[in-house]
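Note sheet for the following structure.
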Amino acid sequence: MFREHILSFGLRHESKISPLHEIISMNLIEKGFVFGASEDGTIYYRPSRNQYNIEIEQKVPKWLEIVKKSIQKTYNKNVRISKTSRGYFRLLVYSKQLHNDLKSFRKDYSLILTENKNFQIGFLRGFFDAEGTVHNKRYSIRVSSKNRETILVIKKMLNNFNIKTGKIHADKTAYVLPLYGKENLRKFDSVISFRHEEKEQRLSNLLSA
């Protein structure tokens, strides 16, 4: 379902890449970003209304606006963002296709390893935006998930992009994967980066220190 046969990331010819290939590559990054960002949300079906729902809650509305644009680009769906009674912001989209795509994808995260590199970059970007944190201590980024399989796949993808990772460890609520070292984080910033403004700024401050 997710396989896209297009120009692979990093492939360069002597001739210039066509505008069509650039558009396809960008669309794959955006689609991957939607999948990664959705890890911070919930997907469910409401039979009484025949609604296929995707919800993502965040305290930063600017980031949800970025996710919204990516969903609109890749699934052409209306997306609503509203403030909750708890002070958070909620993104809501009704989409059977996106719901089913995400549900199938979550059954086997290793599928992403067969995807085009642009999709993988988008997924990592969305996932780190949603679940990553930047720390001054030891120049580190940490990303976590309750699903160990997900973290194992994240580790493999990062290693495939020559981004070094530390050992996975479990805390009380999730499995955590750390990335250490200033030069290693520079490579992460160059290849993956953040779209989440606060996290992007923290990493920028850390690398310029």
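In the structure tokens, chains take the letters A, B, ... in the order shown, each chain's residues start at 1, and ligands count up from 1 in the order shown.
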Output as an MDAnalysis selection string all residues of stretch 88-173 of chain A that backbone DSSP marks as strand (DSSP E). chainID A and resid 89:94 132:135 140:145 169:170
All residues 10 Å or closer to A:Lys137, only C-alpha atoms, same chain fewer than 3 positions away omitted, as JSON, numbers by chain: {"A": [134, 140, 141, 180, 181, 206]}
How about saving the chosen residues, N, CA and C atoms kept, as a PDB file, in the first residue's frame?
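Result file follows (result_30.pdb):
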```pdb
ATOM      1  N   VAL A 134      15.252  17.703  23.154  1.00  0.00           N
ATOM      2  CA  VAL A 134      16.637  18.139  23.012  1.00  0.00           C
ATOM      3  C   VAL A 134      17.184  18.465  24.396  1.00  0.00           C
ATOM      4  N   SER A 140      22.652  15.929  23.470  1.00  0.00           N
ATOM      5  CA  SER A 140      21.834  14.766  23.138  1.00  0.00           C
ATOM      6  C   SER A 140      20.418  15.143  22.698  1.00  0.00           C
ATOM      7  N   ILE A 141      19.873  14.266  21.860  1.00  0.00           N
ATOM      8  CA  ILE A 141      18.451  14.259  21.519  1.00  0.00           C
ATOM      9  C   ILE A 141      17.928  12.898  21.948  1.00  0.00           C
ATOM     10  N   TYR A 180      23.830  11.057  20.755  1.00  0.00           N
ATOM     11  CA  TYR A 180      24.818  11.841  21.478  1.00  0.00           C
ATOM     12  C   TYR A 180      25.823  12.490  20.537  1.00  0.00           C
ATOM     13  N   GLY A 181      26.432  13.567  21.015  1.00  0.00           N
ATOM     14  CA  GLY A 181      27.584  14.165  20.337  1.00  0.00           C
ATOM     15  C   GLY A 181      27.214  15.313  19.421  1.00  0.00           C
ATOM     16  N   LEU A 206      21.931  24.759  20.927  1.00  0.00           N
ATOM     17  CA  LEU A 206      22.887  23.758  21.405  1.00  0.00           C
ATOM     18  C   LEU A 206      24.084  23.646  20.460  1.00  0.00           C
TER      19      LEU A 206
END
```
Just list as JSON, numbers by chain whatever in stretch 1-202 of chain A DSSP marks as alpha helix (DSSP H). {"A": [19, 20, 21, 22, 23, 24, 25, 26, 27, 28, 29, 30, 31, 32, 33, 34, 35, 36, 37, 61, 62, 63, 64, 65, 66, 67, 68, 69, 70, 71, 72, 73, 74, 75, 96, 97, 98, 99, 100, 101, 102, 103, 104, 105, 106, 107, 117, 118, 119, 120, 121, 122, 123, 124, 125, 126, 127, 128, 129, 130, 131, 148, 149, 150, 151, 152, 153, 154, 155, 156, 157, 158, 159, 160, 182, 183, 184, 185, 186, 187, 188, 189, 190, 191, 197, 198, 199, 200, 201, 202]}
Could you work out how far atom CA of A:Ser193 lies from atom CA of A:Lys31, giving the answer in Å with one decimal?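 If I compute the distance from atom CA of A:Lys31 to atom CA of A:Ser193, I get 16.1 Å.
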Can you tell me which residues surround A:Asn160 at a distance of at most 10 Å, considering only C-alpha atoms, apart from same-chain residues fewer than 6 positions away, and format the answer as a list in words? Leu113, Lys117 and Ile154 of chain A
